[in-house]
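Student: Shown below is the structure under consideration.
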Amino acid sequence: MDVPADLLTRLRDHLAETGYTIDGVRERLGDVAATALAREELVPAIRATRDLDPLGTLIRLWWLGLAVPEGRTGLPVAELAAAGLLERDGDEVRATVHLQPWETGGYLVSDRKVRPGDPALRPDHVVGAGGASANLAQLVTRRPVETALDLGTGCGVQVLHLAGRAERITATDVNPRALRLARLSWALSGVPDVDARLGPGFEPVTGERFDLVVSNPPFVISPRGRFTYRETGAAGDDFCRDLVRHAPRHLNPGGCCQILANWLHVKGEDWRDRVGGWLAATGCDGWAVQRDVQDPAEYVELWLRDAAEQGTPAYRERYDEWLGWLESLGVTGIGFGWITLRDGGSLDPVVRVEELTTPVEQPVGGYVEEVLDAITTAHRIGTDELLDALLVTRPDVVEERVGPPGAEDPARIVLRQTRGLRRRAEVGTVEAALAGVCDGELPLRPLLAAIAELTGADPDALIGRADELRTLIAEGFFQVTGVATDH
Ligand SMILES: C[S@@+](CC[C@H](N)C(=O)[O-])C[C@H]1O[C@@H](n2cnc3c(N)ncnc32)[C@H](O)[C@@H]1O
């Protein structure tokens, strides 16, 4: 698909002028049609565009993948057809690709989404941006960097998010068709100069290092590599494991690698040990979060549905084969989540693996490095240093006391973050008292001594339990703002 640059410029101008933008499409379709589309139901969207006005026509053509009357498009149809983006059929014209406005203000070109009843996906199908793409984009640190790598760029969506934050961007994909469509996305979005390279894994960037590596990889765990967009044919969850293992070789000091991943829950093994083992082998500080877990049947159904294979003659056979294969591996579930590595240069790296399934403040990328800072501080601060540390209770933390009505003492005290990861922690009266007084003025030791005096507790015993605060520091309830030097 060799599309002249001036044609892409004219196309982009036309799309924007017609209101074919995220807001324009959202407004035209409305909530009902948009949520119906998410369920693969087109009828409400067809009704919302039946006037075939310029915007409705573009939505039908590029978003819904429907044939529209050529005369209604306002597009240079002959040129776009010659470039392979449109196909003529009598008086009608149909798009050969999916062209969607994206939340960054740019446009993405991918293959058209398949819907039930459509012909089977081509093996080199280039998937459009979706929920997973948006999840990764929201996870990625907002820290400006010089160099960034997007591994498995697909339609090029992560590059649109990195543009403006990374001075130089390299994007790779094993699928040549993906790079062709990604180049169109970047050109239509005014993101020039992306260094696009073909090849598997880190091969195209052998010997190179970056400040930031991001990847929404082909993480699907399946018995064979049928579709490049979702799986590689690597055994089990080895592809994600290997990405994690090899990433540090491609990170500059202080650099971050952030990926989405799937991992297996296997009988007799704690998934935390499995994923923690991947991260521990890197020598980087790491944070892995399980956002969801599905049982094997749910998982197989999800991906068969994603490829519109429900209702096809091969559906049962594929379902059975996939499920049997997972069973033979002793798989009890599949975890979906985020992995962040940061090359902190420490000889004592720390890895935190946790499950967080509740909604978090978005974008996580706005504070992900603070999360890592909290984890590493809690791990590395010595006990004496901790007692001399100035702590501040994070300003969004609230306290909830739960107990029988009228009771003098609560049965439970919970500290809850109202922002960020929105963690909650059940705490004792000492931690609750600390949360009330930690304002960075006095170090921890005299604060604990004062709390002991007020509560009649043994001060030495309280001071001896200071290490127990590490979890609340790692989880960001308390921030270490400094260490007092005059104690
Ligand atoms: C899930 S798509 C992600 C696309 C896009 N980056 C996003 O965020 O939506 C995964 C991409 O990885 C590519 N891919 C598959 N196998 C690969 C491999 N071995 N090395 C690099 N990329 C690969 C696929 O072609 C596909 O474009």
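Please note that chains go A, B, ... in the order of the structure tokens, that every chain numbers its residues from 1, and that ligands are numbered from 1 in the order shown.
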Let me see if you get this right: every residue at most 9 Å from ligand 1, counting only C-alpha atoms and all ligand atoms, written as a PyMOL selection string.
Tutor: chain A and resi 124-137+150-159+172-179+198-203+214-220+227-234+239
Student: Skipping near chain neighbours, those fewer than 4 positions away, what residues fall within 7 Å of region 430-438 of chain A using only C-alpha atoms, listed as a list of chain:residue names?
Tutor: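 So, after excluding close chain neighbours, the residues are A:Leu391, A:Val392, A:Thr393.
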Student: Got a sec: who's within 8 Å of region 303-318 of chain A, counting only C-alpha atoms, leaving out chain neighbours fewer than 6 positions off, as a list in words?
Tutor: Val114, Arg115, Pro116, Gly117, Asp118, Ala120 and Leu121 of chain A
Student: Set the distance at 12 Å and use only C-alpha atoms: which residues neighbour Arg291 (chain A) once local chain neighbours fewer than 5 positions away are removed? I'd like the list as a list in words.
Tutor: Ala132, Asn135, Leu260, Ala261, Asn262, Trp263, Ile334, Gly335, Phe336, Gly337, Trp338, Ile339, Val353, Glu354, Glu355, Leu356, Thr357, Thr358, Pro359, Val360 and Leu421 of chain A
Student: I need the alpha helix (DSSP H) residues of region 314-368 of chain A per DSSP on the backbone, written as a list of chain:residue names.
Tutor: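 Across region 314-368 of chain A, those assigned alpha helix (DSSP H) are A:Tyr315, A:Arg316, A:Glu317, A:Arg318, A:Tyr319, A:Asp320, A:Glu321, A:Trp322, A:Leu323, A:Gly324, A:Trp325, A:Leu326, A:Glu327, A:Ser328, A:Val368.
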Student: Can I get the selected residues back with N, CA and C atoms, as a PDB file, in the first residue's frame?
Tutor:
ATOM      1  N   TYR A 315     -15.775 -24.250  15.358  1.00  0.00           N
ATOM      2  CA  TYR A 315     -15.759 -23.669  16.709  1.00  0.00           C
ATOM      3  C   TYR A 315     -15.561 -24.717  17.793  1.00  0.00           C
ATOM      4  N   ARG A 316     -16.386 -25.748  17.795  1.00  0.00           N
ATOM      5  CA  ARG A 316     -16.334 -26.750  18.865  1.00  0.00           C
ATOM      6  C   ARG A 316     -14.996 -27.460  18.917  1.00  0.00           C
ATOM      7  N   GLU A 317     -14.514 -27.780  17.712  1.00  0.00           N
ATOM      8  CA  GLU A 317     -13.245 -28.518  17.620  1.00  0.00           C
ATOM      9  C   GLU A 317     -12.094 -27.682  18.190  1.00  0.00           C
ATOM     10  N   ARG A 318     -12.084 -26.392  17.813  1.00  0.00           N
ATOM     11  CA  ARG A 318     -11.009 -25.497  18.293  1.00  0.00           C
ATOM     12  C   ARG A 318     -11.118 -25.305  19.795  1.00  0.00           C
ATOM     13  N   TYR A 319     -12.346 -25.107  20.257  1.00  0.00           N
ATOM     14  CA  TYR A 319     -12.604 -24.914  21.688  1.00  0.00           C
ATOM     15  C   TYR A 319     -12.068 -26.140  22.437  1.00  0.00           C
ATOM     16  N   ASP A 320     -12.427 -27.298  21.944  1.00  0.00           N
ATOM     17  CA  ASP A 320     -12.060 -28.548  22.621  1.00  0.00           C
ATOM     18  C   ASP A 320     -10.534 -28.737  22.632  1.00  0.00           C
ATOM     19  N   GLU A 321      -9.923 -28.461  21.479  1.00  0.00           N
ATOM     20  CA  GLU A 321      -8.467 -28.642  21.385  1.00  0.00           C
ATOM     21  C   GLU A 321      -7.734 -27.707  22.347  1.00  0.00           C
ATOM     22  N   TRP A 322      -8.175 -26.442  22.362  1.00  0.00           N
ATOM     23  CA  TRP A 322      -7.528 -25.404  23.181  1.00  0.00           C
ATOM     24  C   TRP A 322      -7.672 -25.746  24.676  1.00  0.00           C
ATOM     25  N   LEU A 323      -8.908 -26.108  25.026  1.00  0.00           N
ATOM     26  CA  LEU A 323      -9.194 -26.428  26.425  1.00  0.00           C
ATOM     27  C   LEU A 323      -8.398 -27.664  26.868  1.00  0.00           C
ATOM     28  N   GLY A 324      -8.345 -28.663  25.992  1.00  0.00           N
ATOM     29  CA  GLY A 324      -7.606 -29.896  26.310  1.00  0.00           C
ATOM     30  C   GLY A 324      -6.117 -29.599  26.487  1.00  0.00           C
ATOM     31  N   TRP A 325      -5.616 -28.703  25.656  1.00  0.00           N
ATOM     32  CA  TRP A 325      -4.186 -28.338  25.742  1.00  0.00           C
ATOM     33  C   TRP A 325      -3.901 -27.636  27.074  1.00  0.00           C
ATOM     34  N   LEU A 326      -4.779 -26.702  27.457  1.00  0.00           N
ATOM     35  CA  LEU A 326      -4.584 -26.007  28.742  1.00  0.00           C
ATOM     36  C   LEU A 326      -4.654 -27.010  29.893  1.00  0.00           C
ATOM     37  N   GLU A 327      -5.574 -27.947  29.753  1.00  0.00           N
ATOM     38  CA  GLU A 327      -5.731 -28.972  30.799  1.00  0.00           C
ATOM     39  C   GLU A 327      -4.452 -29.801  30.913  1.00  0.00           C
ATOM     40  N   SER A 328      -3.857 -30.131  29.757  1.00  0.00           N
ATOM     41  CA  SER A 328      -2.643 -30.969  29.781  1.00  0.00           C
ATOM     42  C   SER A 328      -1.480 -30.233  30.455  1.00  0.00           C
ATOM     43  N   VAL A 368       2.930   6.225  37.897  1.00  0.00           N
ATOM     44  CA  VAL A 368       3.511   4.878  38.008  1.00  0.00           C
ATOM     45  C   VAL A 368       4.933   4.917  38.590  1.00  0.00           C
TER      46      VAL A 368
END
Student: Write out as a PyMOL selection string all residues of region 70-206 of chain A that DSSP puts in strand (DSSP E) for this structure's backbone.
Tutor: chain A and resi 86-89+92-95+98-101+107-110+145-151+166-173+195-198
Student: Need the shell around region 408-417 of chain A: protein/DNA/RNA residues with any atom at most 10 Å away, counting only C-alpha atoms. Skip same-chain ones fewer than 3 positions apart. Format as a PyMOL selection string?
Tutor: chain A and resi 394-405+420-429+431-432+435+472+475-477
Student: Counting only C-alpha atoms, which residue out of A:His14, A:Arg143, A:Arg28, A:Arg470 sits closest to Asp51 (chain A)?
Tutor: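 Of A:His14, A:Arg143, A:Arg28, A:Arg470, the one nearest Asp51 (chain A), counting only C-alpha atoms, is A:Arg28.
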Student: Figure out the distance between CA of Gly71 (chain A) and CA of Val93 (chain A), please, to one decimal in Å.
Tutor: 9.1 Å
